[in-house]
>>> print(open('work.cif').read())   # mmCIF, C-alpha atoms
data_my_file
loop_
_atom_site.label_atom_id
_atom_site.label_comp_id
_atom_site.auth_asym_id
_atom_site.auth_seq_id
_atom_site.Cartn_x
_atom_site.Cartn_y
_atom_site.Cartn_z
CA MET A 154 -144.61 92.86 -30.26
CA GLY A 155 -143.70 95.66 -32.68
CA GLU A 156 -140.29 96.19 -34.23
CA ASN A 157 -140.04 99.47 -32.30
CA ARG A 158 -140.01 97.43 -29.12
CA LEU A 159 -136.52 96.06 -29.84
CA ILE A 160 -133.45 97.57 -28.24
CA LYS A 161 -129.97 97.38 -29.75
CA ILE A 162 -126.74 96.26 -28.16
CA SER A 163 -123.59 96.74 -30.25
CA LEU A 164 -120.38 94.72 -30.31
CA ALA A 165 -118.64 97.60 -28.52
CA GLU A 166 -121.19 97.34 -25.71
CA ILE A 167 -120.80 93.56 -25.55
CA ASN A 168 -117.04 93.99 -25.27
CA GLU A 169 -117.53 96.45 -22.41
CA MET A 170 -119.59 93.96 -20.39
CA GLU A 171 -118.12 92.37 -17.30
CA LYS A 172 -116.73 88.95 -18.28
CA GLN A 173 -119.42 86.69 -16.82
CA GLN A 174 -122.15 88.99 -18.09
CA ARG A 175 -120.69 88.77 -21.61
CA VAL A 176 -120.50 84.98 -21.37
CA HIS A 177 -124.15 84.75 -20.30
CA PHE A 178 -125.20 87.18 -23.02
CA ALA A 179 -123.25 85.61 -25.89
CA ASN A 180 -124.37 82.11 -24.92
CA SER A 181 -128.00 83.26 -25.16
CA LEU A 182 -127.86 84.65 -28.68
CA GLY A 183 -127.97 81.55 -30.85
CA GLY A 184 -131.26 80.20 -29.55
CA PHE A 185 -132.06 76.91 -27.84
CA LYS A 186 -129.15 74.51 -27.91
CA SER A 187 -128.53 70.80 -28.40
CA VAL A 188 -127.37 69.65 -25.00
CA GLY A 189 -126.18 66.25 -23.87
CA LEU A 190 -123.88 64.34 -21.58
CA ILE A 191 -120.62 63.06 -23.06
CA GLY A 192 -119.53 59.77 -21.50
CA THR A 193 -115.91 58.61 -21.79
CA GLN A 194 -113.32 56.53 -20.02
CA ASN A 195 -109.56 56.50 -20.34
CA LYS A 196 -107.43 53.41 -20.92
CA SER A 197 -107.21 52.86 -17.14
CA ALA A 198 -111.03 52.60 -16.89
CA GLN A 199 -111.39 56.00 -15.20
CA THR A 200 -114.79 57.24 -16.34
CA ASN A 201 -115.74 60.84 -17.08
CA LEU A 202 -119.01 62.62 -17.76
CA ALA A 203 -119.41 66.17 -19.07
CA ILE A 204 -122.36 68.29 -20.14
CA ILE A 205 -121.94 69.80 -23.61
CA ASP A 206 -124.36 72.28 -25.20
CA SER A 207 -122.78 72.42 -28.65
CA ILE A 208 -123.91 69.20 -30.32
CA LEU A 209 -123.95 69.90 -34.06
CA HIS A 210 -125.44 67.77 -36.81
CA ILE A 211 -122.86 67.67 -39.60
CA GLY A 212 -124.16 64.96 -41.89
CA SER A 213 -126.54 62.05 -42.35
CA ASN A 214 -124.66 59.72 -44.71
CA PRO A 215 -122.65 58.78 -42.75
CA PRO A 216 -124.34 60.15 -39.60
CA LEU A 217 -121.84 62.68 -38.20
CA PHE A 218 -122.02 65.01 -35.23
CA GLY A 219 -119.63 67.63 -33.96
CA ILE A 220 -119.02 68.99 -30.48
CA ILE A 221 -117.07 72.10 -29.53
CA PHE A 222 -114.50 72.16 -26.74
CA ARG A 223 -113.75 75.60 -25.40
CA PRO A 224 -110.49 76.00 -23.51
CA GLY A 225 -111.15 76.61 -19.84
CA VAL A 226 -114.90 76.14 -20.00
CA VAL A 227 -115.43 72.46 -20.65
CA PRO A 228 -113.41 69.90 -18.66
CA ARG A 229 -110.70 68.82 -21.07
CA HIS A 230 -110.55 65.33 -19.53
CA THR A 231 -113.38 64.44 -21.88
CA LEU A 232 -111.44 65.63 -24.93
CA GLU A 233 -108.33 63.79 -23.76
CA ASN A 234 -110.27 60.57 -23.29
CA ILE A 235 -111.84 60.85 -26.74
CA LEU A 236 -108.45 61.37 -28.37
CA GLU A 237 -106.82 58.61 -26.28
CA THR A 238 -109.46 55.94 -26.87
CA GLY A 239 -111.39 56.98 -29.97
CA PHE A 240 -114.84 56.42 -28.43
CA TYR A 241 -117.48 58.38 -26.52
CA THR A 242 -121.21 58.48 -25.93
CA ILE A 243 -123.73 61.31 -26.35
CA ASN A 244 -126.72 61.01 -23.99
CA HIS A 245 -129.80 63.21 -24.13
CA ILE A 246 -130.79 64.93 -20.90
CA ASN A 247 -134.31 64.72 -19.48
CA GLU A 248 -136.15 66.53 -16.71
CA ASN A 249 -135.23 63.86 -14.14
CA ILE A 250 -131.48 64.39 -14.49
CA TYR A 251 -130.91 68.00 -15.52
CA LYS A 252 -129.51 69.00 -12.11
CA GLN A 253 -127.06 66.11 -12.11
CA ALA A 254 -126.17 66.92 -15.71
CA HIS A 255 -125.49 70.55 -14.78
CA GLN A 256 -123.35 69.46 -11.83
CA THR A 257 -120.94 67.69 -14.22
CA SER A 258 -119.80 71.16 -15.36
CA ALA A 259 -118.00 71.67 -12.02
CA ARG A 260 -114.22 71.42 -12.26
CA TYR A 261 -113.48 68.09 -10.69
CA ASP A 262 -109.99 66.64 -10.44
CA ARG A 263 -109.08 64.02 -12.98
CA GLU A 264 -109.35 61.10 -10.55
CA ILE A 265 -112.96 62.00 -9.69
CA SER A 266 -115.66 60.46 -11.90
CA GLU A 267 -118.66 62.70 -12.46
CA PHE A 268 -120.70 59.47 -12.64
CA GLU A 269 -119.91 58.80 -8.97
CA VAL A 270 -120.37 62.38 -7.83
CA THR A 271 -123.77 62.76 -9.52
CA GLN A 272 -124.84 59.14 -9.00
CA LEU A 273 -125.71 58.85 -12.66
CA THR A 274 -125.27 55.25 -13.80
CA PRO A 275 -122.38 54.33 -16.12
CA ASN A 276 -123.92 51.79 -18.42
CA PHE A 277 -121.66 49.52 -20.47
CA LYS A 278 -123.32 47.49 -23.18
CA ASN A 279 -122.78 45.66 -26.45
CA ASN A 280 -118.99 45.76 -25.91
CA PHE A 281 -118.86 49.49 -26.61
CA PHE A 282 -115.83 51.03 -24.92
CA ALA A 283 -117.38 54.21 -23.50
CA PRO A 284 -120.08 54.36 -20.81
CA PHE A 285 -123.65 55.41 -21.55
CA VAL A 286 -125.80 57.26 -19.02
CA GLY A 287 -128.33 54.73 -17.78
CA GLU A 288 -130.89 57.43 -16.90
CA SER A 289 -130.83 58.93 -20.43
CA HIS A 290 -133.53 57.80 -22.84
CA LEU A 291 -131.67 58.60 -26.04
CA GLN A 292 -128.08 57.41 -26.21
CA LEU A 293 -125.55 57.51 -29.05
CA ALA A 294 -122.39 55.42 -29.33
CA MET A 295 -119.83 57.59 -31.13
CA GLU A 296 -116.50 56.87 -32.84
CA PHE A 297 -114.01 59.74 -33.11
CA LYS A 298 -113.26 60.73 -36.70
CA GLU A 299 -111.56 64.11 -36.82
CA LYS A 300 -110.38 67.03 -34.71
CA ILE A 301 -110.41 70.49 -36.24
CA GLU A 302 -108.71 73.41 -34.49
CA LEU A 303 -110.64 76.63 -34.86
CA THR A 304 -107.70 78.99 -34.68
CA ILE A 305 -109.95 82.05 -34.55
CA ASN A 306 -110.45 81.48 -30.80
CA ASN A 307 -108.56 78.29 -29.97
CA THR A 308 -111.59 76.05 -29.73
CA VAL A 309 -111.64 72.49 -31.01
CA LEU A 310 -114.36 70.89 -33.14
CA VAL A 311 -114.47 67.12 -32.62
CA ILE A 312 -116.33 65.17 -35.29
CA GLY A 313 -117.59 61.65 -34.66
CA GLU A 314 -119.68 59.02 -36.40
CA VAL A 315 -122.77 57.42 -34.88
CA LYS A 316 -122.20 53.66 -34.38
CA GLU A 317 -125.32 52.77 -32.39
CA VAL A 318 -128.48 54.55 -31.21
CA TYR A 319 -130.62 53.52 -28.21
CA PHE A 320 -134.11 54.96 -27.73
CA PRO A 321 -137.68 54.04 -26.72
CA GLU A 322 -139.35 52.26 -29.62
CA ALA A 323 -142.35 54.63 -29.46
CA CYS A 324 -140.11 57.51 -30.63
CA LEU A 325 -139.57 56.10 -34.12
CA GLN A 326 -141.96 57.30 -36.83
CA ASN A 327 -142.47 55.57 -40.18
CA ASP A 328 -140.55 58.23 -42.09
CA GLY A 329 -137.45 57.87 -39.90
CA PHE A 330 -138.17 60.91 -37.70
CA LEU A 331 -137.52 60.32 -34.00
CA ASP A 332 -140.00 62.04 -31.71
CA ILE A 333 -137.51 63.05 -29.04
CA GLU A 334 -140.25 64.50 -26.84
CA LYS A 335 -141.21 60.85 -26.26
CA ALA A 336 -137.66 60.32 -24.96
CA ALA A 337 -138.31 63.30 -22.63
CA SER A 338 -135.30 65.12 -24.12
CA ILE A 339 -134.92 68.74 -23.02
CA THR A 340 -133.05 71.74 -24.40
CA CYS A 341 -131.07 74.58 -22.85
CA SER A 342 -130.35 78.24 -23.44
CA GLY A 343 -127.57 80.43 -22.20
CA LEU A 344 -125.21 78.76 -19.73
CA ASP A 345 -127.68 77.43 -17.22
CA SER A 346 -131.32 77.55 -18.36
CA TYR A 347 -133.14 74.27 -19.03
CA HIS A 348 -136.39 73.97 -20.98
CA LYS A 349 -138.91 71.32 -21.86
CA THR A 350 -140.70 71.53 -25.18
CA THR A 351 -144.17 71.28 -26.66
CA ARG A 352 -144.51 70.39 -30.33
CA ILE A 353 -146.13 73.10 -32.43
CA ASP A 354 -146.18 71.18 -35.71
CA ARG A 355 -144.38 69.00 -38.20
CA LEU A 356 -144.40 70.46 -41.69
CA SER A 357 -144.29 68.86 -45.13
CA TYR A 358 -141.24 69.16 -47.41
CA ALA A 359 -141.23 72.69 -48.83
CA LYS A 360 -141.40 73.23 -52.60
CA PRO A 361 -141.87 76.41 -54.62
CA ASN A 362 -145.52 77.19 -55.37
CA LYS A 363 -146.80 74.47 -53.08
CA THR A 364 -148.53 75.13 -49.76
CA ILE A 365 -146.87 73.37 -46.88
CA THR A 366 -149.13 71.18 -44.76
CA SER A 367 -149.00 69.72 -41.29
CA LEU A 368 -147.69 66.16 -41.03
CA LEU A 369 -149.56 65.62 -37.74
CA MET B 1496 -139.06 54.40 -18.40
CA GLY B 1497 -136.57 51.61 -17.68
CA GLU B 1498 -133.33 51.00 -19.54
CA ASN B 1499 -134.83 47.74 -20.85
CA ARG B 1500 -137.36 49.82 -22.79
CA LEU B 1501 -134.70 51.10 -25.20
CA ILE B 1502 -134.23 49.54 -28.61
CA LYS B 1503 -130.98 49.64 -30.57
CA ILE B 1504 -130.34 50.72 -34.14
CA SER B 1505 -126.83 50.16 -35.45
CA LEU B 1506 -124.85 52.12 -38.04
CA ALA B 1507 -125.34 49.21 -40.47
CA GLU B 1508 -129.11 49.56 -40.04
CA ILE B 1509 -128.92 53.33 -40.49
CA ASN B 1510 -126.95 52.84 -43.70
CA GLU B 1511 -129.61 50.42 -44.96
CA MET B 1512 -132.42 52.96 -44.51
CA GLU B 1513 -134.02 54.58 -47.52
CA LYS B 1514 -132.33 57.95 -48.11
CA GLN B 1515 -135.05 60.28 -46.79
CA GLN B 1516 -135.68 58.02 -43.82
CA ARG B 1517 -131.97 58.16 -42.95
CA VAL B 1518 -131.96 61.95 -43.26
CA HIS B 1519 -134.97 62.26 -40.95
CA PHE B 1520 -133.44 59.82 -38.48
CA ALA B 1521 -129.93 61.32 -38.39
CA ASN B 1522 -131.30 64.85 -38.08
CA SER B 1523 -133.26 63.79 -35.00
CA LEU B 1524 -130.36 62.35 -33.03
CA GLY B 1525 -128.60 65.43 -31.71
CA GLY B 1526 -131.55 66.85 -29.81
CA PHE B 1527 -133.36 70.16 -30.20
CA LYS B 1528 -131.54 72.52 -32.54
CA SER B 1529 -130.71 76.21 -32.79
CA VAL B 1530 -132.76 77.37 -35.73
CA GLY B 1531 -132.93 80.75 -37.40
CA LEU B 1532 -133.40 82.64 -40.63
CA ILE B 1533 -130.26 83.85 -42.40
CA GLY B 1534 -130.83 87.14 -44.23
CA THR B 1535 -128.46 88.23 -47.00
CA GLN B 1536 -128.32 90.26 -50.16
CA ASN B 1537 -125.87 90.23 -53.01
CA LYS B 1538 -124.08 93.27 -54.44
CA SER B 1539 -127.01 93.84 -56.83
CA ALA B 1540 -129.43 94.18 -53.88
CA GLN B 1541 -131.08 90.81 -54.57
CA THR B 1542 -132.17 89.63 -51.12
CA ASN B 1543 -132.21 86.05 -49.89
CA LEU B 1544 -133.59 84.30 -46.83
CA ALA B 1545 -132.84 80.74 -45.70
CA ILE B 1546 -133.74 78.68 -42.66
CA ILE B 1547 -130.71 77.12 -40.95
CA ASP B 1548 -130.89 74.68 -38.02
CA SER B 1549 -127.17 74.47 -37.30
CA ILE B 1550 -126.42 77.70 -35.42
CA LEU B 1551 -123.44 76.96 -33.20
CA HIS B 1552 -122.03 79.09 -30.40
CA ILE B 1553 -118.26 79.12 -30.86
CA GLY B 1554 -117.11 81.84 -28.49
CA SER B 1555 -118.07 84.78 -26.31
CA ASN B 1556 -115.03 87.05 -26.48
CA PRO B 1557 -115.41 87.97 -29.27
CA PRO B 1558 -118.97 86.66 -29.73
CA LEU B 1559 -118.69 84.10 -32.56
CA PHE B 1560 -121.26 81.80 -34.13
CA GLY B 1561 -120.93 79.14 -36.78
CA ILE B 1562 -123.43 77.80 -39.30
CA ILE B 1563 -123.12 74.67 -41.41
CA PHE B 1564 -123.87 74.59 -45.12
CA ARG B 1565 -124.59 71.15 -46.49
CA PRO B 1566 -124.21 70.71 -50.23
CA GLY B 1567 -127.58 70.17 -51.84
CA VAL B 1568 -129.64 70.70 -48.71
CA VAL B 1569 -129.36 74.39 -47.94
CA PRO B 1570 -129.74 76.93 -50.75
CA ARG B 1571 -126.18 77.93 -51.56
CA HIS B 1572 -127.27 81.42 -52.61
CA THR B 1573 -127.00 82.34 -48.95
CA LEU B 1574 -123.43 81.09 -48.72
CA GLU B 1575 -122.51 82.87 -51.96
CA ASN B 1576 -123.97 86.14 -50.68
CA ILE B 1577 -122.10 85.87 -47.39
CA LEU B 1578 -118.80 85.26 -49.17
CA GLU B 1579 -119.48 88.01 -51.75
CA THR B 1580 -120.50 90.72 -49.28
CA GLY B 1581 -119.14 89.68 -45.88
CA PHE B 1582 -122.40 90.30 -44.01
CA TYR B 1583 -125.53 88.43 -42.97
CA THR B 1584 -128.19 88.40 -40.28
CA ILE B 1585 -129.38 85.62 -37.97
CA ASN B 1586 -133.02 85.99 -36.94
CA HIS B 1587 -134.76 83.85 -34.34
CA ILE B 1588 -137.99 82.19 -35.41
CA ASN B 1589 -141.20 82.49 -33.39
CA GLU B 1590 -144.56 80.74 -33.51
CA ASN B 1591 -146.05 83.42 -35.78
CA ILE B 1592 -143.59 82.81 -38.61
CA TYR B 1593 -142.49 79.17 -38.44
CA LYS B 1594 -144.44 78.19 -41.55
CA GLN B 1595 -142.95 81.03 -43.57
CA ALA B 1596 -139.53 80.16 -42.16
CA HIS B 1597 -139.97 76.53 -43.23
CA GLN B 1598 -141.09 77.61 -46.71
CA THR B 1599 -137.69 79.30 -47.29
CA SER B 1600 -136.17 75.80 -47.51
CA ALA B 1601 -137.83 75.29 -50.91
CA ARG B 1602 -135.41 75.48 -53.84
CA TYR B 1603 -136.20 78.81 -55.40
CA ASP B 1604 -134.32 80.19 -58.37
CA ARG B 1605 -131.67 82.78 -57.67
CA GLU B 1606 -133.75 85.73 -58.88
CA ILE B 1607 -136.57 84.89 -56.46
CA SER B 1608 -136.35 86.45 -52.99
CA GLU B 1609 -137.70 84.27 -50.20
CA PHE B 1610 -138.67 87.53 -48.48
CA GLU B 1611 -141.17 88.22 -51.27
CA VAL B 1612 -142.44 84.67 -51.53
CA THR B 1613 -143.07 84.34 -47.80
CA GLN B 1614 -144.06 87.97 -47.26
CA LEU B 1615 -141.59 88.25 -44.41
CA THR B 1616 -140.35 91.84 -44.14
CA PRO B 1617 -136.75 92.68 -45.13
CA ASN B 1618 -135.73 95.23 -42.55
CA PHE B 1619 -132.70 97.43 -43.20
CA LYS B 1620 -131.44 99.47 -40.28
CA ASN B 1621 -128.43 101.25 -38.83
CA ASN B 1622 -126.66 101.09 -42.21
CA PHE B 1623 -126.09 97.35 -41.87
CA PHE B 1624 -125.71 95.76 -45.31
CA ALA B 1625 -127.83 92.63 -44.85
CA PRO B 1626 -131.60 92.55 -44.24
CA PHE B 1627 -133.10 91.56 -40.89
CA VAL B 1628 -136.45 89.77 -40.64
CA GLY B 1629 -138.89 92.37 -39.33
CA GLU B 1630 -141.15 89.74 -37.74
CA SER B 1631 -138.29 88.20 -35.72
CA HIS B 1632 -137.89 89.35 -32.12
CA LEU B 1633 -134.22 88.49 -31.75
CA GLN B 1634 -131.97 89.61 -34.57
CA LEU B 1635 -128.19 89.42 -34.95
CA ALA B 1636 -126.07 91.44 -37.37
CA MET B 1637 -123.14 89.21 -38.37
CA GLU B 1638 -119.79 89.85 -40.07
CA PHE B 1639 -118.18 86.93 -41.91
CA LYS B 1640 -114.84 85.88 -40.39
CA GLU B 1641 -113.82 82.47 -41.69
CA LYS B 1642 -114.89 79.55 -43.85
CA ILE B 1643 -113.74 76.08 -42.90
CA GLU B 1644 -114.22 73.16 -45.28
CA LEU B 1645 -115.12 69.96 -43.44
CA THR B 1646 -113.58 67.55 -45.92
CA ILE B 1647 -115.06 64.53 -44.14
CA ASN B 1648 -118.38 65.16 -45.93
CA ASN B 1649 -117.88 68.32 -47.99
CA THR B 1650 -119.82 70.61 -45.69
CA VAL B 1651 -118.74 74.16 -44.95
CA LEU B 1652 -118.59 75.78 -41.51
CA VAL B 1653 -119.00 79.56 -41.76
CA ILE B 1654 -117.89 81.52 -38.70
CA GLY B 1655 -119.05 85.08 -38.08
CA GLU B 1656 -118.82 87.73 -35.40
CA VAL B 1657 -121.84 89.40 -33.80
CA LYS B 1658 -121.83 93.14 -34.59
CA GLU B 1659 -125.26 94.12 -33.24
CA VAL B 1660 -128.09 92.42 -31.34
CA TYR B 1661 -131.75 93.52 -31.37
CA PHE B 1662 -134.22 92.16 -28.81
CA PRO B 1663 -137.11 93.15 -26.51
CA GLU B 1664 -135.70 94.94 -23.48
CA ALA B 1665 -137.63 92.63 -21.13
CA CYS B 1666 -135.42 89.71 -22.23
CA LEU B 1667 -132.27 91.06 -20.63
CA GLN B 1668 -131.49 89.89 -17.10
CA ASN B 1669 -129.04 91.61 -14.74
CA ASP B 1670 -126.42 88.89 -15.14
CA GLY B 1671 -126.36 89.19 -18.95
CA PHE B 1672 -128.63 86.21 -19.63
CA LEU B 1673 -131.24 86.80 -22.33
CA ASP B 1674 -134.58 85.16 -21.64
CA ILE B 1675 -135.30 84.13 -25.22
CA GLU B 1676 -138.72 82.75 -24.27
CA LYS B 1677 -139.68 86.43 -23.87
CA ALA B 1678 -138.65 86.89 -27.51
CA ALA B 1679 -140.97 83.95 -28.31
CA SER B 1680 -138.04 82.05 -29.86
CA ILE B 1681 -138.78 78.45 -30.79
CA THR B 1682 -136.60 75.40 -31.46
CA CYS B 1683 -136.77 72.53 -33.95
CA SER B 1684 -135.94 68.85 -34.14
CA GLY B 1685 -135.35 66.63 -37.11
CA LEU B 1686 -135.92 68.28 -40.47
CA ASP B 1687 -139.40 69.68 -39.97
CA SER B 1688 -140.60 69.61 -36.36
CA TYR B 1689 -141.06 72.92 -34.51
CA HIS B 1690 -141.39 73.26 -30.75
CA LYS B 1691 -142.08 75.96 -28.21
CA THR B 1692 -140.46 75.74 -24.81
CA THR B 1693 -141.28 76.05 -21.13
CA ARG B 1694 -138.50 76.92 -18.70
CA ILE B 1695 -137.80 74.22 -16.13
CA ASP B 1696 -135.15 76.10 -14.19
CA ARG B 1697 -132.02 78.22 -14.22
CA LEU B 1698 -129.23 76.72 -12.14
CA SER B 1699 -126.34 78.29 -10.23
CA TYR B 1700 -122.72 77.90 -11.37
CA ALA B 1701 -121.63 74.37 -10.51
CA LYS B 1702 -118.70 73.79 -8.17
CA PRO B 1703 -117.38 70.60 -6.57
CA ASN B 1704 -118.93 69.88 -3.14
CA LYS B 1705 -121.48 72.65 -3.49
CA THR B 1706 -125.20 72.06 -4.00
CA ILE B 1707 -126.54 73.81 -7.06
CA THR B 1708 -129.52 76.08 -6.50
CA SER B 1709 -132.24 77.56 -8.66
CA LEU B 1710 -131.61 81.09 -9.91
CA LEU B 1711 -135.34 81.70 -10.33
#
>>> encode(input="work.cif", output="structure tokens")
Amino acid sequence: MGENRLIKISLAEINEMEKQQRVHFANSLGGFKSVGLIGTQNKSAQTNLAIIDSILHIGSNPPLFGIIFRPGVVPRHTLENILETGFYTINHINENIYKQAHQTSARYDREISEFEVTQLTPNFKNNFFAPFVGESHLQLAMEFKEKIELTINNTVLVIGEVKEVYFPEACLQNDGFLDIEKAASITCSGLDSYHKTTRIDRLSYAKPNKTITSLL
Amino acid sequence: MGENRLIKISLAEINEMEKQQRVHFANSLGGFKSVGLIGTQNKSAQTNLAIIDSILHIGSNPPLFGIIFRPGVVPRHTLENILETGFYTINHINENIYKQAHQTSARYDREISEFEVTQLTPNFKNNFFAPFVGESHLQLAMEFKEKIELTINNTVLVIGEVKEVYFPEACLQNDGFLDIEKAASITCSGLDSYHKTTRIDRLSYAKPNKTITSLL
């Protein structure tokens, strides 16, 4: 595929797109995304489940992840529950539940639990306050740490710390790497496209003047 | 794979891991990541190229993306060039260049260009200041907008606006969605694992009490 085969779209052309077209286009540009289901409940035990495609690794010591809440796009009940209770779960999506996961993006009223609607199983364990998704094979218990307003477009970055991780034992490699393909985790692109993966390679730590090698 | 097949690792156990093991583990938890090559040059025309696996979609109107710079992990020359010049490129990685992309994570001295070391092609076009990666099939021209210090762990979130997008025409669907598999874009997990993808489905916009359908 030669360089001459690429076409150009400018910011002016993006701005001229019809709104939904622009949303589809912009959401496609960053590549495949980290997608998961965020499980919460409020203090009255009303559960909530929302698909989020903006899971961001922020640090390893302590293990921190961010998620972005966009006004009007993501159900804000999830954000409210996180701020009210301080706890949430992040659950990887697999090929068996991607349709149910996608359905959680519908705008349900507050008194409706997406767990009930989608028949995904709220799983409470180890006295953690927020519900896990029973059908997910990689589950994180998260404690809220910080909320950062991104004033540039009124989005909110929520940062949390990993308290517990649940996964199939076969995923864990000696060097600490988790083979998330063994948890059947999938990825997404754009607003609505779901993809499974096939490992190409794992590569050795890169150093100047040293040839990288396959770790497989 | 039943729920009883999951094992638990707690934060205390994560904190007890050997440092590199913890980094591998924590980097694996968020799922498949948006990975790309960030192309920059400084005011003396010294080019720089760095792999980044934290590309975050922040908004569509205007189209905004964030990237995270972790102290000591990512070469800071890239961050310095972005702040000095205001411009950078984000280039998707494909199966032909993932080894070269990975090699850019080695800690080269400032006067060494990762373009030269890896023999990836710095591509200047349309008077944009920063170099694109000629071998990439999806390229974004970015203008720096804002730097946000995440004091919780001394990382920096850099937010930029998309000025131009280059891609194979066949990627673009009528509704604005870009089929990035047609640009051969790949994803990564953990620190060093690269994956190609296979589309499972595209799903219709979710609404309450409406069955979602395949868009394919």
>>> resolve_selection(input="work.cif", expression="the PyMOL selection byres ((chain A and resi 300) around 6)", output="list in words")
Glu299, Ile301, Leu310 and Val311 of chain A
>>> resolve_selection(input="work.cif", expression="the PyMOL selection byres ((chain A and resi 182-185) around 7)", output="list in words")
Phe178, Ala179, Asn180, Ser181, Lys186, Thr340, Cys341 and Ser342 of chain A; Lys1528, Ser1529, Val1530, Ile1550, Leu1551, His1552, His1587 and Thr1682 of chain B
>>> resolve_selection(input="work.cif", expression="the PyMOL selection byres ((chain A and resi 365) around 12)", output="list in words")
Asp354, Arg355, Leu356, Ser357, Tyr358, Ala359, Lys360, Pro361, Asn362, Lys363, Thr364, Thr366, Ser367 and Leu368 of chain A; Tyr1593, Lys1594, Gln1595, Ala1596, His1597, Gln1598, Thr1599, Ser1600, Ala1601, Thr1613 and Asp1687 of chain B
>>> closest_residue(input="work.cif", among="A:Thr350, A:Thr238, A:Ser266, A:Ser163", to="A:Ala203", atoms="only C-alpha atoms")
A:Ser266
>>> closest_residue(input="work.cif", among="B:Arg1571, B:Arg1602, B:Lys1620, B:Lys1677", to="chain A", atoms="all atoms listed in the file")
B:Arg1602
>>> atom_distance(input="work.cif", atom1="atom CA of A:Phe282", atom2="atom CA of A:Phe240")
6.5 Å
>>> atom_distance(input="work.cif", atom1="atom CA of B:Gln1541", atom2="atom CA of B:Lys1658")
22.1 Å
>>> closest_residue(input="work.cif", among="B:Ile1654, B:Leu1559, B:Leu1501, B:Ala1636", to="chain A", atoms="all atoms listed in the file")
B:Leu1501
>>> residues_around(input="work.cif", residues="A:Pro216", least_positions_apart="3", cutoff="7 Å", atoms="all atoms listed in the file", output="number ranges by chain")
A: 212-213, 314-315; B: 1521
>>> write_last_selection(input="work.cif", atoms="C-alpha atoms", output="tab-separated table (two decimals), in the frame of the given file")
chain	number	residue	atom	x	y	z
A	212	GLY	CA	-124.16	64.96	-41.89
A	213	SER	CA	-126.54	62.05	-42.35
A	314	GLU	CA	-119.68	59.02	-36.40
A	315	VAL	CA	-122.77	57.42	-34.88
B	1521	ALA	CA	-129.93	61.32	-38.39
>>> closest_residue(input="work.cif", among="A:Leu164, A:Ala337, A:Leu190, A:Leu202", to="A:His290", atoms="all atoms listed in the file")
A:Ala337
>>> residues_around(input="work.cif", residues="A:Pro284", least_positions_apart="3", cutoff="8 Å", atoms="only C-alpha atoms", output="list in words")
Gly192, Thr193, Gln194, Thr200, Tyr241, Thr242, Pro275, Asn276, Phe277, Lys278 and Phe281 of chain A
>>> write_last_selection(input="work.cif", atoms="C-alpha atoms", output="mmCIF file, keeping the file's coordinate frame")
data_model
loop_
_atom_site.group_PDB
_atom_site.id
_atom_site.type_symbol
_atom_site.label_atom_id
_atom_site.label_comp_id
_atom_site.auth_asym_id
_atom_site.auth_seq_id
_atom_site.Cartn_x
_atom_site.Cartn_y
_atom_site.Cartn_z
ATOM 1 C CA GLY A 192 -119.530 59.770 -21.500
ATOM 2 C CA THR A 193 -115.910 58.610 -21.790
ATOM 3 C CA GLN A 194 -113.320 56.530 -20.020
ATOM 4 C CA THR A 200 -114.790 57.240 -16.340
ATOM 5 C CA TYR A 241 -117.480 58.380 -26.520
ATOM 6 C CA THR A 242 -121.210 58.480 -25.930
ATOM 7 C CA PRO A 275 -122.380 54.330 -16.120
ATOM 8 C CA ASN A 276 -123.920 51.790 -18.420
ATOM 9 C CA PHE A 277 -121.660 49.520 -20.470
ATOM 10 C CA LYS A 278 -123.320 47.490 -23.180
ATOM 11 C CA PHE A 281 -118.860 49.490 -26.610
#
>>> atom_distance(input="work.cif", atom1="atom CA of A:Ile333", atom2="atom CA of B:Ile1502")
13.9 Å
>>> residues_around(input="work.cif", residues="B:Gly1629", least_positions_apart="4", cutoff="10 Å", atoms="all atoms listed in the file", output="VMD selection string")
(chain A and resid 155 to 156) or (chain B and resid 1586 1615 to 1619 1633 to 1634)
>>> closest_residue(input="work.cif", among="A:Glu264, A:Glu317, A:Glu269, A:Glu248", to="chain B", atoms="only C-alpha atoms")
A:Glu317
